[in-house]
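**Student:** I am sharing entry.cif, which consists of mmCIF, C-alpha atoms and all ligand atoms:
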data_input
#
loop_
_atom_site.label_atom_id
_atom_site.label_comp_id
_atom_site.auth_asym_id
_atom_site.auth_seq_id
_atom_site.Cartn_x
_atom_site.Cartn_y
_atom_site.Cartn_z
CA MET G 1 102.85 104.80 34.87
CA ASN G 2 104.76 102.16 33.07
CA ALA G 3 106.43 103.16 29.80
CA GLU G 4 106.74 99.51 28.79
CA ASN G 5 103.02 98.96 28.76
CA GLN G 6 102.21 102.36 27.32
CA LEU G 7 104.13 101.83 24.11
CA GLN G 8 101.53 101.10 21.41
CA PHE G 9 102.41 99.39 18.14
CA ALA G 10 100.86 101.16 15.13
CA VAL G 11 99.96 98.53 12.54
CA GLU G 12 100.21 99.47 8.84
CA ARG G 13 99.63 96.30 6.84
CA CYS G 14 101.66 95.72 3.71
CA PRO G 15 99.50 97.15 0.85
CA ASP G 16 100.52 94.39 -1.60
CA PRO G 17 101.03 91.25 0.48
CA THR G 18 102.46 88.12 -1.15
CA PRO G 19 99.56 85.97 -2.45
CA ALA G 20 98.99 82.65 -0.65
CA ASP G 21 100.08 80.51 -3.64
CA GLN G 22 103.38 82.41 -3.85
CA ILE G 23 103.99 82.04 -0.11
CA ALA G 24 103.44 78.30 -0.53
CA THR G 25 106.06 78.17 -3.32
CA ARG G 26 108.57 80.13 -1.25
CA LEU G 27 108.13 77.84 1.74
CA VAL G 28 109.44 74.89 -0.27
CA ASN G 29 113.14 74.46 0.61
CA PRO G 30 113.92 78.12 1.28
CA ALA G 31 117.66 78.89 1.33
CA PHE G 32 118.60 80.07 4.84
CA GLY G 33 118.17 83.84 5.19
CA ARG G 34 117.16 84.65 1.63
CA VAL G 35 113.36 84.60 1.72
CA PHE G 36 111.69 87.27 3.84
CA THR G 37 108.15 87.84 5.04
CA ASP G 38 106.05 90.87 4.14
CA HIS G 39 106.40 92.84 7.37
CA MET G 40 108.85 94.14 9.94
CA VAL G 41 108.63 95.76 13.34
CA THR G 42 110.57 98.93 14.13
CA ILE G 43 110.91 100.91 17.35
CA ARG G 44 113.04 104.00 17.81
CA TRP G 45 115.00 105.21 20.78
CA THR G 46 116.30 108.71 21.35
CA GLU G 47 118.16 109.99 24.36
CA GLY G 48 115.78 111.88 26.62
CA ARG G 49 112.70 110.41 24.94
CA GLY G 50 113.29 106.70 25.27
CA TRP G 51 111.51 104.08 23.15
CA HIS G 52 108.85 105.47 20.81
CA ASP G 53 107.32 105.13 17.35
CA ALA G 54 106.67 101.37 17.55
CA LYS G 55 105.39 100.11 14.21
CA VAL G 56 104.43 96.93 12.46
CA GLU G 57 104.78 97.86 8.80
CA ALA G 58 105.62 96.60 5.32
CA ARG G 59 109.23 95.41 5.12
CA ARG G 60 111.26 98.08 3.35
CA PRO G 61 114.81 99.49 3.19
CA PHE G 62 116.00 101.92 5.87
CA GLN G 63 117.11 105.37 4.85
CA ILE G 64 120.24 106.19 6.76
CA ASP G 65 122.73 109.00 6.60
CA PRO G 66 126.29 108.21 5.43
CA ALA G 67 127.44 109.34 8.88
CA CYS G 68 125.12 106.83 10.60
CA ALA G 69 127.12 105.65 13.63
CA VAL G 70 126.69 101.90 13.03
CA LEU G 71 128.46 102.22 9.67
CA HIS G 72 131.56 103.54 11.38
CA TYR G 73 131.79 102.11 14.89
CA ALA G 74 129.67 98.97 14.56
CA GLN G 75 127.28 99.46 17.47
CA GLU G 76 124.98 96.62 16.47
CA ILE G 77 123.53 93.59 18.27
CA PHE G 78 121.08 90.89 17.28
CA GLU G 79 119.18 87.80 18.32
CA GLY G 80 118.19 84.64 16.52
CA MET G 81 115.06 82.68 17.43
CA LYS G 82 112.42 80.55 15.73
CA ALA G 83 108.64 80.31 15.57
CA TYR G 84 107.26 76.80 14.99
CA ARG G 85 103.96 75.54 13.66
CA GLY G 86 102.92 72.41 15.52
CA ASP G 87 101.02 69.55 13.91
CA ASP G 88 97.95 70.94 15.71
CA GLY G 89 98.48 74.28 13.94
CA LYS G 90 99.51 76.06 17.15
CA ILE G 91 102.30 78.60 16.86
CA SER G 92 105.05 78.66 19.45
CA LEU G 93 108.39 80.21 20.34
CA PHE G 94 111.12 78.50 22.33
CA ARG G 95 112.26 80.30 25.53
CA PRO G 96 111.83 83.78 24.00
CA GLN G 97 112.31 85.44 27.40
CA GLU G 98 115.90 84.17 27.31
CA ASN G 99 116.50 85.95 24.01
CA ALA G 100 115.00 89.13 25.47
CA LYS G 101 117.32 88.90 28.50
CA ARG G 102 120.39 88.20 26.40
CA PHE G 103 119.51 91.12 24.13
CA ARG G 104 119.60 93.43 27.15
CA ALA G 105 122.95 91.98 28.22
CA SER G 106 124.38 92.47 24.72
CA ALA G 107 123.07 96.06 24.65
CA ALA G 108 124.68 96.80 28.01
CA ARG G 109 128.08 95.51 26.82
CA MET G 110 127.86 97.59 23.63
CA SER G 111 126.68 100.76 25.48
CA MET G 112 123.37 100.70 23.65
CA ALA G 113 119.80 101.55 24.74
CA ASP G 114 118.17 99.11 27.15
CA LEU G 115 115.10 97.49 25.60
CA PRO G 116 112.69 96.15 28.24
CA GLU G 117 112.05 92.42 27.87
CA THR G 118 108.28 92.92 27.56
CA ILE G 119 108.74 95.25 24.57
CA PHE G 120 111.14 92.81 22.90
CA LEU G 121 108.59 90.02 23.32
CA ARG G 122 105.64 92.08 22.15
CA ALA G 123 107.59 93.10 19.03
CA VAL G 124 108.50 89.51 18.18
CA GLU G 125 104.96 88.28 18.79
CA ALA G 126 103.50 91.11 16.70
CA LEU G 127 105.62 90.07 13.71
CA VAL G 128 104.87 86.37 14.16
CA ASP G 129 101.18 87.21 14.35
CA ILE G 130 100.97 89.38 11.23
CA ASP G 131 103.19 87.03 9.17
CA ARG G 132 101.86 83.76 10.60
CA ASP G 133 101.03 82.41 7.11
CA TRP G 134 104.79 82.33 6.48
CA ILE G 135 105.51 79.79 9.23
CA PRO G 136 106.26 76.46 7.56
CA GLY G 137 104.98 73.23 9.08
CA GLY G 138 106.96 69.98 9.17
CA ASP G 139 110.68 70.45 9.72
CA GLY G 140 110.66 74.11 8.76
CA SER G 141 110.30 77.16 10.99
CA LEU G 142 110.20 80.93 10.83
CA TYR G 143 113.60 82.34 11.77
CA LEU G 144 113.23 85.65 13.59
CA ARG G 145 115.97 88.22 13.61
CA PRO G 146 115.54 91.01 16.19
CA PHE G 147 118.39 93.52 15.98
CA MET G 148 119.35 97.02 17.05
CA PHE G 149 121.78 99.52 15.59
CA ALA G 150 123.10 102.99 16.35
CA SER G 151 121.23 105.29 13.96
CA GLU G 152 122.56 108.69 15.02
CA SER G 153 124.38 110.69 12.31
CA PHE G 154 127.54 111.66 14.11
CA LEU G 155 131.19 110.74 13.59
CA GLY G 156 132.32 111.45 17.15
CA VAL G 157 133.47 108.42 19.10
CA ARG G 158 130.97 107.79 21.90
CA ALA G 159 127.86 105.73 22.49
CA ALA G 160 125.18 106.94 20.07
CA ALA G 161 122.14 108.90 21.25
CA GLU G 162 119.72 107.26 18.78
CA TYR G 163 118.94 103.62 18.02
CA ILE G 164 116.57 101.63 15.84
CA PHE G 165 115.29 98.25 17.01
CA CYS G 166 113.88 96.05 14.26
CA VAL G 167 112.55 92.52 13.81
CA ILE G 168 112.49 90.74 10.45
CA ALA G 169 111.67 87.12 9.67
CA CYS G 170 112.47 84.43 7.14
CA PRO G 171 111.02 80.96 6.64
CA VAL G 172 113.78 78.35 6.88
CA GLY G 173 114.35 74.65 6.37
CA PRO G 174 117.30 72.71 7.84
CA TYR G 175 120.47 74.83 8.22
CA PHE G 176 122.84 72.25 6.79
CA LYS G 177 122.15 70.31 3.61
CA ALA G 178 119.43 67.71 4.04
CA GLY G 179 120.69 64.18 4.41
CA LYS G 180 123.96 65.28 5.91
CA SER G 181 124.33 63.55 9.27
CA ALA G 182 127.54 65.24 10.45
CA VAL G 183 129.60 68.29 9.52
CA THR G 184 133.34 68.80 9.05
CA VAL G 185 134.99 71.57 11.05
CA TRP G 186 138.21 73.54 10.66
CA VAL G 187 140.18 74.36 13.81
CA SER G 188 141.58 77.85 13.44
CA GLU G 189 144.95 77.97 15.17
CA GLN G 190 145.75 81.44 13.86
CA TYR G 191 142.60 83.53 14.25
CA THR G 192 140.64 83.94 17.46
CA ARG G 193 137.09 85.14 17.93
CA ALA G 194 137.06 86.80 21.34
CA ALA G 195 139.51 87.79 24.05
CA PRO G 196 139.06 88.15 27.82
CA GLY G 197 137.47 91.52 28.49
CA GLY G 198 136.18 91.72 24.93
CA THR G 199 132.74 91.21 23.42
CA GLY G 200 132.66 87.41 23.05
CA ALA G 201 129.62 87.02 25.29
CA ALA G 202 127.62 89.72 23.47
CA LYS G 203 125.68 88.77 20.36
CA CYS G 204 127.08 91.57 18.22
CA GLY G 205 127.76 91.80 14.51
CA GLY G 206 131.36 92.78 15.19
CA ASN G 207 132.18 89.33 16.56
CA TYR G 208 131.03 87.86 13.27
CA ALA G 209 132.99 90.40 11.21
CA ALA G 210 136.12 89.28 13.06
CA SER G 211 135.34 85.59 12.51
CA LEU G 212 134.67 85.65 8.76
CA ILE G 213 138.29 85.32 7.70
CA ALA G 214 138.50 82.02 9.56
CA GLN G 215 135.17 80.93 8.06
CA THR G 216 136.56 81.69 4.58
CA GLU G 217 139.66 79.67 5.43
CA ALA G 218 137.44 76.81 6.64
CA ALA G 219 135.41 76.84 3.41
CA ALA G 220 138.66 76.73 1.40
CA LYS G 221 139.64 73.61 3.36
CA GLY G 222 136.30 72.02 2.54
CA CYS G 223 134.89 72.55 6.03
CA ASP G 224 131.40 73.69 7.05
CA GLN G 225 132.31 75.60 10.22
CA VAL G 226 135.21 76.94 12.28
CA VAL G 227 136.22 75.90 15.79
CA PHE G 228 137.84 78.76 17.69
CA LEU G 229 140.46 78.33 20.37
CA ASP G 230 141.06 80.77 23.22
CA ALA G 231 142.88 84.01 22.46
CA ALA G 232 145.46 83.81 25.27
CA GLU G 233 146.96 80.33 24.74
CA HIS G 234 145.42 79.17 21.43
CA ARG G 235 144.83 75.92 23.19
CA TRP G 236 141.39 75.71 24.79
CA ILE G 237 138.34 74.96 22.67
CA GLU G 238 135.82 77.80 22.91
CA GLU G 239 133.04 77.49 20.34
CA LEU G 240 132.19 77.55 16.65
CA GLY G 241 131.57 80.74 14.67
CA GLY G 242 127.91 80.73 15.67
CA MET G 243 127.36 77.59 17.77
CA ASN G 244 128.42 76.17 21.11
CA VAL G 245 130.09 72.78 21.34
CA PHE G 246 129.63 69.61 23.46
CA PHE G 247 131.75 66.49 23.85
CA VAL G 248 130.44 63.04 24.79
CA MET G 249 132.99 60.95 26.69
CA ASP G 250 133.18 57.14 26.89
CA ASP G 251 131.94 57.15 30.51
CA GLY G 252 128.70 58.72 29.26
CA THR G 253 129.43 62.19 30.63
CA LEU G 254 129.10 65.36 28.58
CA ARG G 255 131.43 68.28 28.71
CA THR G 256 131.19 71.78 27.31
CA PRO G 257 133.48 74.81 27.71
CA PRO G 258 132.51 77.04 30.66
CA LEU G 259 131.09 80.55 30.18
CA LYS G 260 133.84 82.93 31.14
CA GLY G 261 133.04 85.94 29.01
CA THR G 262 134.61 84.86 25.72
CA ILE G 263 131.88 82.39 24.76
CA LEU G 264 128.36 83.28 23.68
CA PRO G 265 125.91 81.94 26.29
CA GLY G 266 123.73 79.93 23.92
CA ILE G 267 120.13 79.23 24.87
CA THR G 268 120.42 75.89 23.07
CA ARG G 269 123.57 75.22 25.14
CA ALA G 270 121.72 75.98 28.39
CA SER G 271 118.75 73.85 27.29
CA ILE G 272 120.98 70.88 26.37
CA ILE G 273 122.67 71.06 29.79
CA GLU G 274 119.30 70.99 31.60
CA LEU G 275 117.84 68.36 29.29
CA ALA G 276 120.84 66.04 29.59
CA ARG G 277 120.82 66.35 33.41
CA HIS G 278 117.09 65.68 33.41
CA GLU G 279 117.87 62.50 31.42
CA GLY G 280 120.27 61.46 34.17
CA MET G 281 123.49 62.38 32.39
CA THR G 282 126.38 64.19 34.00
CA VAL G 283 127.34 67.46 32.31
CA ASN G 284 130.62 69.12 33.21
CA GLU G 285 131.26 72.72 32.26
CA VAL G 286 135.02 72.37 32.07
CA ALA G 287 137.74 73.54 29.72
CA TYR G 288 138.92 71.01 27.11
CA ASP G 289 142.02 71.56 25.04
CA PHE G 290 142.51 70.83 21.37
CA GLU G 291 145.35 68.34 21.97
CA SER G 292 143.19 66.26 24.35
CA TRP G 293 140.31 66.37 21.90
CA ARG G 294 142.56 64.88 19.21
CA ALA G 295 144.13 62.28 21.52
CA ASP G 296 140.77 61.28 23.02
CA ALA G 297 139.19 60.89 19.58
CA ALA G 298 142.08 58.57 18.64
CA SER G 299 141.97 56.53 21.85
CA GLY G 300 138.19 56.22 21.89
CA ARG G 301 137.89 58.10 25.18
CA LEU G 302 135.86 60.66 23.23
CA LYS G 303 132.78 59.21 21.55
CA GLU G 304 130.92 62.13 20.02
CA THR G 305 131.11 65.87 19.47
CA PHE G 306 128.22 68.10 18.52
CA ALA G 307 127.56 71.78 17.90
CA CYS G 308 124.36 73.51 18.96
CA GLY G 309 122.53 76.75 18.31
CA THR G 310 119.10 77.99 17.25
CA ALA G 311 119.76 77.93 13.50
CA ALA G 312 121.25 74.41 13.23
CA VAL G 313 119.77 73.07 16.54
CA VAL G 314 122.04 70.06 17.31
CA THR G 315 124.54 69.02 14.65
CA ALA G 316 127.08 66.22 14.91
CA ILE G 317 130.72 66.97 14.12
CA GLY G 318 132.17 64.01 12.25
CA GLN G 319 135.48 65.23 10.93
CA VAL G 320 138.01 67.72 12.29
CA ARG G 321 140.68 69.38 10.12
CA HIS G 322 143.56 71.53 11.33
CA ALA G 323 146.91 72.81 10.06
CA GLY G 324 148.63 69.58 11.11
CA GLY G 325 146.16 67.04 9.74
CA GLU G 326 142.73 65.61 10.27
CA PHE G 327 140.85 63.25 12.58
CA THR G 328 137.50 61.52 12.78
CA ILE G 329 135.11 61.55 15.75
CA GLY G 330 133.61 58.15 16.49
CA HIS G 331 132.45 56.59 13.23
CA GLY G 332 132.23 59.98 11.52
CA GLY G 333 128.44 60.21 11.60
CA GLU G 334 125.86 61.21 14.20
CA GLY G 335 126.38 59.38 17.51
CA GLN G 336 123.67 57.99 19.76
CA VAL G 337 123.78 60.66 22.46
CA THR G 338 123.75 63.46 19.87
CA GLN G 339 120.81 61.82 18.11
CA ARG G 340 118.88 61.41 21.37
CA LEU G 341 119.42 64.98 22.55
CA ARG G 342 118.58 66.34 19.10
CA SER G 343 115.31 64.44 18.89
CA LEU G 344 114.34 65.37 22.46
CA LEU G 345 115.00 69.05 21.87
CA THR G 346 113.36 69.28 18.45
CA GLY G 347 110.44 67.17 19.69
CA MET G 348 109.89 69.60 22.55
CA GLN G 349 110.25 72.67 20.32
CA ARG G 350 107.62 71.31 17.95
CA GLY G 351 105.19 70.22 20.65
CA LYS G 352 105.57 66.52 19.79
CA ILE G 353 106.77 65.48 23.25
CA ALA G 354 106.14 66.72 26.79
CA ASP G 355 107.89 69.91 27.93
CA PRO G 356 108.59 69.46 31.66
CA PHE G 357 110.51 72.77 31.78
CA ALA G 358 107.73 75.02 30.38
CA TRP G 359 110.11 76.23 27.67
CA VAL G 360 107.52 76.36 24.92
CA HIS G 361 105.77 79.73 24.67
CA HIS G 362 102.52 79.70 22.71
CA VAL G 363 101.64 82.67 20.54
CA ALA G 364 97.91 83.38 20.66
C1 LIG X 401 123.81 82.84 18.72
C2 LIG X 401 125.12 82.17 18.93
C3 LIG X 401 125.22 80.90 19.53
C4 LIG X 401 124.02 80.03 19.84
O1 LIG X 401 123.11 80.62 20.70
P1 LIG X 401 121.61 80.05 20.76
O2 LIG X 401 120.96 80.90 21.77
O3 LIG X 401 121.70 78.65 21.16
O4 LIG X 401 121.05 80.20 19.39
C5 LIG X 401 126.48 80.40 19.78
N1 LIG X 401 127.59 81.10 19.46
C6 LIG X 401 127.53 82.32 18.88
C7 LIG X 401 128.79 83.03 18.57
C8 LIG X 401 126.30 82.89 18.60
O5 LIG X 401 126.25 84.09 18.03
#
What is this structure when it is put down as structure tokens?
**Tutor:**
Amino acid sequence: MNAENQLQFAVERCPDPTPADQIATRLVNPAFGRVFTDHMVTIRWTEGRGWHDAKVEARRPFQIDPACAVLHYAQEIFEGMKAYRGDDGKISLFRPQENAKRFRASAARMSMADLPETIFLRAVEALVDIDRDWIPGGDGSLYLRPFMFASESFLGVRAAAEYIFCVIACPVGPYFKAGKSAVTVWVSEQYTRAAPGGTGAAKCGGNYAASLIAQTEAAAKGCDQVVFLDAAEHRWIEELGGMNVFFVMDDGTLRTPPLKGTILPGITRASIIELARHEGMTVNEVAYDFESWRADAASGRLKETFACGTAAVVTAIGQVRHAGGEFTIGHGGEGQVTQRLRSLLTGMQRGKIADPFAWVHHVA
């Protein structure tokens, strides 16, 4: 007997689905995270009973008690992934097993219920299947947001005994404004995102809650994103609020901060490392400090810097602002290596070029 395979998804189609012409209108330049599909998937977990009540149903609000644990102690984790429509009409996901694995790792760190990878995948595929008309073609994609929260009504401080897992989806276009070839970042020297022993490697809402003040500061300085430094010395570059970071040196090598528990292990990061090595480049997972970054940008030892993550894929960083001033990376636009890696990765994700790693997962 295998509980994972026994769980059946009850399908209750949305009684008033969005008409095709309205879907078409909403797929034109959707603002990131504001347009949602008609359905959602929910699965419940209760101590002693495990995962049950799996449903594909019309998207609707949750009813939760004011004492719902997540509202008080923030036991919440999530994933971010995309479904693509190829030119041949085929629907695919990119390395979804990696999201399923990371979801389990995040749950373990946050003392939450363990969701088997097969159930995670089946839930995501069920939503993609029922809402497949919402997947844009071209440069767009369907952003999928699996998440889990503590749903028990109890104010005691301990891991909750009830959880809800849910998947929702929104059609998206490019994350940053079209036509923008590089972003400007703000280096936060005051606020940090994650400390050793903390939750930096878990994809949990709490990490974002802690990072928003720096993001607000960045926006006030006219920047698109924040670069966080390490919590102990405020010296080593860790990552952006929701993206990992790579540096391209003048000897052609790439470097990216190593995973030591305070950085989110990005699937895009891992893919870029493998892809770049496959292309014959050397990638070093080594610490890089803010002062060197600034000096190397000035001397020309550093050629390019880019951020990467599912939402924004690969995005060049052109300008860096900090409390003491500002500096430009390369010529301030997208560099050659960044451009090459971005087109290789997006080409693979969209089925336009060969996928020697078997990363693309077709949805039947
Ligand atoms: C999700 C996320 C990333 C990027 O991870 P991908 O798997 O590449 O999308 C990077 N940093 C943080 C803090 C994140 O939450």
**Student:** Which polymer residues have any atom within 12 Å of an atom of stretch 352-358 of chain G, counting all atoms listed in the file, with same-chain residues fewer than 6 positions away left out, as a list in words?
**Tutor:**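 Listing them by chain and then by number gives Tyr84, Arg85, Gly86, Asp87, Asp88, Lys90, Ser92, Leu93, Phe94, Arg95, Pro96, Gln97, Gly138, Asp139, Ser271, Ile272, Glu274, Leu275, His278, Glu279, Ser343, Leu344, Leu345 and Thr346 of chain G.
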**Student:** Tell me which protein, DNA and RNA residues are within 12 Å of stretch 25-33 of chain G, counting all atoms listed in the file, leaving out same-chain ones fewer than 2 positions away, and put them as a short mmCIF file (atom, residue, chain, number, x, y, z; two decimals) with C-alpha atoms, in the coordinates of the input.
**Tutor:**
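Output saved as out_32.cif:
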data_model
loop_
_atom_site.label_atom_id
_atom_site.label_comp_id
_atom_site.auth_asym_id
_atom_site.auth_seq_id
_atom_site.Cartn_x
_atom_site.Cartn_y
_atom_site.Cartn_z
CA THR G 18 102.46 88.12 -1.15
CA PRO G 19 99.56 85.97 -2.45
CA ALA G 20 98.99 82.65 -0.65
CA ASP G 21 100.08 80.51 -3.64
CA GLN G 22 103.38 82.41 -3.85
CA ILE G 23 103.99 82.04 -0.11
CA VAL G 35 113.36 84.60 1.72
CA PHE G 36 111.69 87.27 3.84
CA THR G 37 108.15 87.84 5.04
CA GLY G 80 118.19 84.64 16.52
CA ASP G 133 101.03 82.41 7.11
CA TRP G 134 104.79 82.33 6.48
CA ILE G 135 105.51 79.79 9.23
CA PRO G 136 106.26 76.46 7.56
CA GLY G 137 104.98 73.23 9.08
CA GLY G 138 106.96 69.98 9.17
CA ASP G 139 110.68 70.45 9.72
CA GLY G 140 110.66 74.11 8.76
CA SER G 141 110.30 77.16 10.99
CA LEU G 142 110.20 80.93 10.83
CA TYR G 143 113.60 82.34 11.77
CA LEU G 144 113.23 85.65 13.59
CA ARG G 145 115.97 88.22 13.61
CA ILE G 168 112.49 90.74 10.45
CA ALA G 169 111.67 87.12 9.67
CA CYS G 170 112.47 84.43 7.14
CA PRO G 171 111.02 80.96 6.64
CA VAL G 172 113.78 78.35 6.88
CA GLY G 173 114.35 74.65 6.37
CA PRO G 174 117.30 72.71 7.84
CA TYR G 175 120.47 74.83 8.22
CA PHE G 176 122.84 72.25 6.79
CA LYS G 177 122.15 70.31 3.61
CA ALA G 178 119.43 67.71 4.04
CA ALA G 311 119.76 77.93 13.50
CA ALA G 312 121.25 74.41 13.23
#
**Student:** Of the candidates G:Thr42, G:Gln225, G:Thr282, G:Gln63, which shows the shortest atom-to-atom distance to G:Thr253, using only C-alpha atoms?
**Tutor:** G:Thr282
**Student:** Can you pull out every residue with an atom within 7 Å of ligand LIG 401 (chain X)? Use only C-alpha atoms and all ligand atoms and format it as number ranges by chain.
**Tutor:** G: 79-81, 203, 239-244, 263-269, 308-311
**Student:** Using only C-alpha atoms, find the one residue out of G:Ala150, G:Ile43, G:Leu127, G:Arg132 that sits nearest to G:Asp65.
**Tutor:**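 Ranked by minimum distance to G:Asp65, first place goes to G:Ala150.
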**Student:** Which residue gives the smallest distance to G:Thr256 among G:Gln339, G:Ala270, G:Val363, G:Ala74, with all atoms listed in the file counted?
**Tutor:**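 Of the candidates, the smallest distance to G:Thr256 is held by G:Ala270.
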**Student:** How far is it from atom CA of G:Tyr73 to atom CA of G:His39, in Å with one decimal?
**Tutor:** 28.1 Å
**Student:** Measuring between all atoms listed in the file, which one of G:Gly156, G:Gly300, G:Gly261, G:Pro146 shows the shortest distance to G:Ala195?
**Tutor:**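 So, comparing all the options, the nearest one is G:Gly261.
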**Student:** Residues near G:His322, anyone? I mean within 7 Å using all atoms listed in the file, not counting same-chain ones fewer than 5 positions away, as an MDAnalysis selection string.
**Tutor:** chainID G and resid 186:188
**Student:** Suppose we keep C-alpha atoms; can you now write the selection as a compact mmCIF listing (two decimals), in the frame of the given file?
**Tutor:**
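The result, written out as selection-v9.txt:
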# COMPACT_ATOMS: atom_id res chain seq x y z
CA TRP G 186 138.21 73.54 10.66
CA VAL G 187 140.18 74.36 13.81
CA SER G 188 141.58 77.85 13.44
**Student:** Could you work out how far atom CA of G:Arg301 lies from atom CA of G:Met249, giving the answer in Å with one decimal?
**Tutor:** 5.9 Å
